[in-house]
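Asks: Structure file data18.txt (compact mmCIF, C-alpha atoms) is given on the next line.
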# COMPACT_ATOMS: atom_id res chain seq x y z
CA MET A 622 -4.27 -1.84 -21.78
CA LYS A 623 -2.77 -2.42 -18.36
CA ARG A 624 -5.24 -1.50 -15.62
CA TYR A 625 -5.06 -1.21 -11.87
CA LEU A 626 -7.50 -1.86 -9.06
CA CYS A 627 -6.65 0.34 -6.08
CA LEU A 628 -8.72 -1.23 -3.36
CA ILE A 629 -8.42 0.14 0.14
CA LEU A 630 -8.33 3.65 1.58
CA PHE A 631 -5.88 4.01 4.44
CA THR A 632 -5.92 6.79 7.04
CA LEU A 633 -3.28 7.98 9.42
CA THR A 634 -3.58 10.01 12.57
CA ILE A 635 -0.77 12.52 12.75
CA THR A 636 0.24 14.37 15.89
CA LEU A 637 1.57 17.83 15.16
CA THR A 638 3.52 19.62 17.88
CA PHE A 639 4.01 23.38 17.71
CA GLY A 640 5.91 24.78 20.68
CA GLU A 641 3.77 23.92 23.67
CA VAL A 642 0.62 23.24 21.67
CA GLU A 643 -0.19 19.68 20.60
CA THR A 644 -2.81 19.31 17.88
CA TYR A 645 -4.35 16.19 16.35
CA LEU A 646 -5.05 16.26 12.65
CA GLU A 647 -7.43 13.36 11.95
CA GLU A 648 -7.90 11.34 8.81
CA ILE A 649 -4.95 12.54 6.78
CA PRO A 650 -4.96 9.89 4.05
CA PHE A 651 -2.24 7.53 3.03
CA ASN A 652 -1.75 8.81 -0.50
CA GLU A 653 -2.58 5.92 -2.81
CA TYR A 654 -1.81 8.18 -5.74
CA SER A 655 1.80 8.55 -4.64
CA ASP A 656 2.37 4.78 -4.81
CA LEU A 657 0.20 4.40 -7.88
CA ASN A 658 2.05 7.21 -9.58
CA LYS A 659 5.50 5.70 -8.92
CA ASP A 660 4.77 2.04 -9.48
CA ASN A 661 2.13 2.08 -12.18
CA ILE A 662 1.16 5.39 -13.75
CA ILE A 663 4.66 6.82 -14.22
CA ASN A 664 5.79 3.51 -15.71
CA SER A 665 2.65 3.06 -17.79
CA ASN A 666 2.86 2.91 -21.56
CA ASN A 667 -0.55 4.51 -21.84
CA ASP A 668 -0.75 8.01 -23.31
CA GLU A 669 -3.79 8.61 -21.13
CA ILE A 670 -4.87 7.26 -17.72
CA LYS A 671 -8.46 7.41 -16.51
CA ILE A 672 -9.18 7.11 -12.79
CA VAL A 673 -12.55 6.98 -11.02
CA GLN A 674 -13.13 7.73 -7.34
CA ALA A 675 -16.20 7.97 -5.12
CA VAL A 676 -16.32 11.72 -4.45
CA LYS A 677 -15.48 14.69 -6.63
CA ILE A 678 -12.40 16.84 -6.12
CA ALA A 679 -13.79 19.87 -4.31
CA THR A 680 -10.75 22.12 -4.71
CA VAL A 681 -7.29 22.05 -6.26
CA ASP A 682 -5.97 24.69 -3.86
CA PRO A 683 -3.74 22.88 -1.31
CA ILE A 684 -4.32 25.46 1.44
CA LEU A 685 -8.09 24.86 1.28
CA MET A 686 -8.11 21.05 1.06
CA LYS A 687 -9.78 19.19 3.91
CA ASP A 688 -10.95 15.95 2.28
CA GLN A 689 -8.90 12.97 1.12
CA TYR A 690 -10.47 12.97 -2.34
CA SER A 691 -9.16 16.45 -3.18
CA MET A 692 -5.76 15.71 -1.64
CA ARG A 693 -5.17 13.03 -4.26
CA VAL A 694 -4.23 15.64 -6.89
CA VAL A 695 -1.51 17.21 -4.73
CA ASP A 696 1.41 15.09 -5.96
CA TYR A 697 0.45 15.76 -9.56
CA LEU A 698 0.10 19.54 -9.35
CA TYR A 699 2.43 20.67 -6.57
CA ASP A 700 5.79 20.31 -4.84
CA THR A 701 6.92 21.12 -1.33
CA LEU A 702 10.29 22.46 -0.21
CA PHE A 703 11.14 19.11 1.40
CA ASN A 704 9.97 15.52 0.87
CA TYR A 705 10.41 12.13 2.53
CA ASN A 706 12.67 9.62 0.81
CA GLU A 707 12.12 5.84 0.76
CA LYS A 708 13.94 5.52 4.10
CA GLY A 709 11.55 7.94 5.78
CA GLU A 710 14.14 10.73 5.92
CA VAL A 711 13.33 14.37 5.23
CA VAL A 712 15.25 15.45 2.12
CA PRO A 713 15.37 18.66 0.02
CA ASN A 714 13.00 18.88 -2.94
CA LEU A 715 12.58 22.47 -4.16
CA VAL A 716 15.55 23.36 -1.98
CA GLU A 717 19.18 23.11 -3.07
CA LYS A 718 20.78 23.85 0.32
CA TRP A 719 19.53 24.58 3.81
CA GLU A 720 21.04 25.62 7.12
CA TRP A 721 19.86 26.43 10.61
CA LYS A 722 21.55 29.77 11.39
CA ASN A 723 20.51 29.27 15.00
CA ASP A 724 17.71 27.45 16.88
CA ARG A 725 15.05 29.71 15.38
CA VAL A 726 16.30 30.81 11.95
CA LEU A 727 16.26 28.51 8.91
CA GLU A 728 17.94 29.65 5.68
CA LEU A 729 16.87 27.98 2.44
CA LYS A 730 18.65 28.20 -0.90
CA LEU A 731 16.13 27.34 -3.63
CA ARG A 732 16.72 25.34 -6.78
CA GLU A 733 17.16 27.51 -9.86
CA ASP A 734 15.58 25.11 -12.36
CA VAL A 735 11.99 25.14 -11.05
CA TYR A 736 9.14 26.70 -13.03
CA PHE A 737 5.47 27.19 -12.33
CA GLN A 738 2.94 25.73 -14.74
CA ASN A 739 2.39 29.17 -16.30
CA GLY A 740 6.07 29.28 -17.29
CA ASP A 741 7.31 31.67 -14.57
CA LYS A 742 10.53 30.71 -12.82
CA MET A 743 10.16 30.11 -9.07
CA SER A 744 11.82 32.73 -6.88
CA ALA A 745 12.22 33.50 -3.19
CA LYS A 746 9.43 36.06 -3.56
CA ASP A 747 7.07 33.35 -4.80
CA VAL A 748 7.90 31.06 -1.87
CA LYS A 749 7.40 33.89 0.63
CA GLU A 750 4.04 34.86 -0.90
CA SER A 751 2.94 31.21 -1.01
CA PHE A 752 3.57 30.77 2.73
CA GLU A 753 1.98 34.12 3.56
CA ARG A 754 -1.18 33.13 1.69
CA MET A 755 -1.30 29.83 3.58
CA LEU A 756 -0.73 31.58 6.93
CA LYS A 757 -3.52 34.04 6.16
CA SER A 758 -6.18 31.87 4.52
CA GLY A 759 -5.25 28.20 4.95
CA VAL A 760 -7.71 25.92 6.69
CA PHE A 761 -4.86 24.57 8.84
CA LYS A 762 -3.02 27.88 9.27
CA ASP A 763 -3.07 27.60 13.07
CA PHE A 764 -0.73 24.60 12.86
CA PHE A 765 1.93 26.97 11.53
CA ASN A 766 1.64 29.82 14.02
CA ASP A 767 5.21 28.99 15.05
CA ILE A 768 6.40 30.98 12.01
CA GLN A 769 7.26 34.52 13.10
CA ASN A 770 8.32 35.96 9.75
CA ILE A 771 9.79 35.13 6.35
CA LYS A 772 12.56 37.24 4.87
CA ILE A 773 13.92 37.37 1.31
CA ILE A 774 17.73 37.27 1.30
CA ASP A 775 18.17 37.28 -2.48
CA ILE A 776 16.25 36.08 -5.54
CA ASN A 777 16.78 32.40 -4.64
CA THR A 778 17.23 32.52 -0.85
CA ILE A 779 14.74 32.93 1.98
CA GLU A 780 15.01 32.97 5.74
CA ILE A 781 12.25 31.62 7.97
CA LYS A 782 12.28 32.78 11.58
CA LEU A 783 10.36 30.79 14.21
CA ARG A 784 9.00 31.94 17.55
CA GLY A 785 10.92 29.16 19.27
CA LYS A 786 12.95 26.04 18.61
CA ASN A 787 10.99 23.39 16.71
CA ASN A 788 12.72 20.11 15.89
CA LEU A 789 9.79 19.04 13.69
CA PHE A 790 9.78 22.08 11.44
CA LEU A 791 11.51 20.46 8.43
CA SER A 792 8.97 17.64 8.59
CA MET A 793 6.18 20.20 8.65
CA LEU A 794 7.48 21.66 5.40
CA THR A 795 6.66 18.35 3.67
CA TYR A 796 2.92 18.68 4.42
CA TYR A 797 0.66 19.22 1.40
CA MET A 798 -0.63 22.56 2.74
CA CYS A 799 2.96 23.85 2.40
CA SER A 800 2.96 23.21 -1.36
CA ILE A 801 4.55 26.11 -3.19
CA THR A 802 2.01 27.92 -5.33
CA LYS A 803 1.62 31.05 -7.40
CA TYR A 804 -1.77 32.75 -7.18
CA GLU A 805 -2.36 35.07 -10.11
CA ASN A 806 -5.59 36.65 -11.39
CA GLY A 807 -7.69 34.11 -9.52
CA ILE A 808 -5.74 31.13 -10.92
CA ILE A 809 -3.44 28.94 -8.84
CA TYR A 810 -0.28 27.42 -10.34
CA GLY A 811 2.05 24.81 -8.91
CA THR A 812 5.42 23.39 -9.91
CA GLY A 813 4.33 19.74 -10.16
CA PRO A 814 4.66 17.22 -13.01
CA TYR A 815 1.15 17.97 -14.33
CA LYS A 816 -0.91 21.10 -14.93
CA LEU A 817 -4.65 21.59 -14.57
CA ASP A 818 -6.55 21.72 -17.86
CA LYS A 819 -10.12 21.39 -16.61
CA ILE A 820 -12.14 20.95 -13.42
CA THR A 821 -15.90 20.35 -13.23
CA SER A 822 -18.29 18.72 -10.79
CA LYS A 823 -17.61 15.35 -12.44
CA GLU A 824 -14.03 15.38 -13.70
CA VAL A 825 -10.55 16.82 -13.39
CA ILE A 826 -8.24 16.72 -16.41
CA LEU A 827 -4.46 17.09 -16.09
CA SER A 828 -1.78 17.24 -18.77
CA LYS A 829 1.97 16.86 -18.51
CA ASN A 830 4.01 19.88 -17.42
CA ASP A 831 6.85 20.08 -19.94
CA LYS A 832 8.84 22.40 -17.68
CA TYR A 833 8.93 20.02 -14.73
CA PHE A 834 12.39 19.94 -13.12
CA LYS A 835 12.40 16.16 -12.63
CA LYS A 836 12.09 13.31 -15.12
CA ASN A 837 8.44 12.54 -15.84
CA PRO A 838 7.93 9.67 -18.29
CA GLY A 839 4.28 9.27 -17.31
CA PRO A 840 1.17 9.54 -19.50
CA PHE A 841 0.48 12.81 -21.28
CA LYS A 842 -3.03 13.07 -19.82
CA ILE A 843 -4.64 12.03 -16.53
CA GLU A 844 -8.41 12.16 -16.14
CA ILE A 845 -9.96 11.79 -12.67
CA LEU A 846 -13.69 11.06 -12.66
CA SER A 847 -16.12 10.89 -9.74
CA GLU A 848 -18.96 8.42 -9.30
CA ILE A 849 -20.59 7.94 -5.92
CA SER A 850 -22.19 4.58 -6.80
CA ASP A 851 -19.96 1.61 -5.95
CA ARG A 852 -21.72 -0.45 -8.60
CA LYS A 853 -21.20 2.11 -11.34
CA ARG A 854 -17.52 2.58 -10.44
CA ALA A 855 -17.01 -1.16 -10.60
CA LEU A 856 -18.79 -1.36 -13.95
CA LEU A 857 -16.61 1.40 -15.35
CA TYR A 858 -13.54 -0.58 -14.38
CA PHE A 859 -14.66 -4.02 -15.53
CA ASN A 860 -16.01 -2.61 -18.81
CA GLU A 861 -12.58 -1.01 -19.44
CA ASP A 862 -13.94 2.56 -19.40
CA VAL A 863 -11.36 3.49 -16.74
CA ASP A 864 -7.86 2.23 -15.92
CA VAL A 865 -7.97 2.69 -12.13
CA VAL A 866 -10.84 2.42 -9.65
CA LEU A 867 -10.60 3.72 -6.09
CA ASP A 868 -12.68 3.51 -2.91
CA LEU A 869 -13.73 -0.14 -3.33
CA SER A 870 -12.66 -2.86 -0.90
CA PRO A 871 -12.11 -6.52 -1.85
CA LYS A 872 -15.23 -7.37 0.15
CA GLN A 873 -17.31 -4.88 -1.83
CA ILE A 874 -16.01 -6.32 -5.10
CA GLU A 875 -16.90 -9.84 -3.95
CA GLU A 876 -20.41 -8.80 -2.89
CA LEU A 877 -21.04 -7.07 -6.21
CA GLN A 878 -19.91 -10.15 -8.06
CA LYS A 879 -22.19 -12.40 -6.00
CA LYS A 880 -25.13 -10.17 -6.80
CA ASP A 881 -24.23 -10.50 -10.46
CA LEU A 882 -24.06 -6.72 -10.85
CA LEU A 883 -20.74 -6.68 -12.67
CA ILE A 884 -20.15 -7.27 -16.33
CA ARG A 885 -16.77 -8.99 -16.36
CA MET A 886 -14.02 -8.05 -18.78
CA GLN A 887 -13.75 -10.32 -21.77
CA TYR A 888 -10.20 -11.42 -22.54
Starting from the file, lay out its structure as structure tokens.

Replies:
Amino acid sequence: MKRYLCLILFTLTITLTFGEVETYLEEIPFNEYSDLNKDNIINSNNDEIKIVQAVKIATVDPILMKDQYSMRVVDYLYDTLFNYNEKGEVVPNLVEKWEWKNDRVLELKLREDVYFQNGDKMSAKDVKESFERMLKSGVFKDFFNDIQNIKIIDINTIEIKLRGKNNLFLSMLTYYMCSITKYENGIIYGTGPYKLDKITSKEVILSKNDKYFKKNPGPFKIEILSEISDRKRALLYFNEDVDVVLDLSPKQIEELQKKDLLIRMQY
């Protein structure tokens, strides 16, 4: 079994500018899962990957997420209209074509091969309702008060009108709180490569979304556990009970080893 030790949590401070208002959003995490997903998990031969982190996932709703531990599931469950590519450029993701009609009006033509995890095909109505829910109830809704209204042009086309010119708006559409969701009967669905099977105070279990619009050769099942004790997380990893351990630094690993608290893997 190939296993991975993800050691250090990184944080970024992002400055968001909306018209004349400048807001600082602190401690938005560098998403270890994004790199882990691309380089290790997606290329893993394992049918199942088990991950342990320090704190439980409090919510899987992207508009309500405030902590870095919950944000780690975003790339598995959800997609945004735009993403960043490897060169740091904003590129379409759920969007097929886009055009600024003028300084304030952005027209988006959506992909026609995107489905939510409940099997429903994504439409312009879904995107409009997803943004309206975020603008009404999202914990960071004030960052998006530049949006004046959202109009449905046809089943796959929407128009977003801003209150003023905003050169950063496409970048804003890559933020996790802009993930496109479908909220139905108290259940939230995304369009990501995995779907939610179970969430408890100790674990989150995901399984592969067979309707995902991109290639996803990753494991069929991903289990994310929480364990606040550094020692116990380390033991889970070194005893091969999990494949990935998070929220431990090299210094912490070294100190635990010196105290003889770890049972080393036997090769």

Asks: Name the closest residue to Lys746 (chain A) among the candidates A:Ser758, A:Asp775, A:Ile781, A:Phe765; distances are taken between atoms, counting all atoms listed in the file.

Replies: A:Asp775

Asks: Which one is closest to Asn837 (chain A): A:Tyr815, A:Phe752, A:Tyr736, A:Tyr804? Count all atoms listed in the file.

Replies: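 With all atoms listed in the file as the atom set, the closest residue is A:Tyr815.
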
Asks: From the list A:Arg854, A:Lys823, A:Lys803, A:Lys786, which residue is nearest Trp721 (chain A) when using only C-alpha atoms?

Replies: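 Checking each of A:Arg854, A:Lys823, A:Lys803, A:Lys786 against Trp721 (chain A), counting only C-alpha atoms, the winner is A:Lys786.
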
Asks: Could you give me the axis-aligned bounding box of region 672-690 of chain A, with 8 Å of padding per side, as centre plus edge lengths in Å to one decimal, as JSON?

Replies:
{"center_x": -10.0, "center_y": 16.2, "center_z": -4.4, "size_x": 28.6, "size_y": 34.5, "size_z": 32.7}

Asks: Using all atoms listed in the file, which protein or nucleic acid residues come within 10 Å of Ser792 (chain A)? Drop anything in the same chain fewer than 5 positions from it, and give the result as a count of residues only.

Replies: 7

Asks: Nearest residue to Lys836 (chain A) out of A:Lys772, A:Glu848, A:Asn787, A:Gly813, using all atoms listed in the file?

Replies: A:Gly813

Asks: Would you work out the distance separating CA of Tyr796 (chain A) from CA of Glu844 (chain A), expressed in Å to one decimal?

Replies: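 About the pair CA of Tyr796 (chain A) and CA of Glu844 (chain A): they are 24.4 Å apart.
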
Asks: Quote the spacing between CA of Lys782 (chain A) and CA of Asp767 (chain A) in Å to one decimal place.

Replies: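 The value is 8.7 Å.
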
Asks: Please work out which residues fall within 8 Å of (-17.1, 5.5, -5.1), coordinates as given in the file, with all atoms listed in the file counting, and return them as a PyMOL selection string.

Replies: chain A and resi 673-676+847-851+854+867-869

Asks: When you draw a straight line from CA of Lys718 (chain A) to CA of Ser751 (chain A), how long is it in Å?

Replies: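 Between CA of Lys718 (chain A) and CA of Ser751 (chain A) the gap works out to 19.3 Å.
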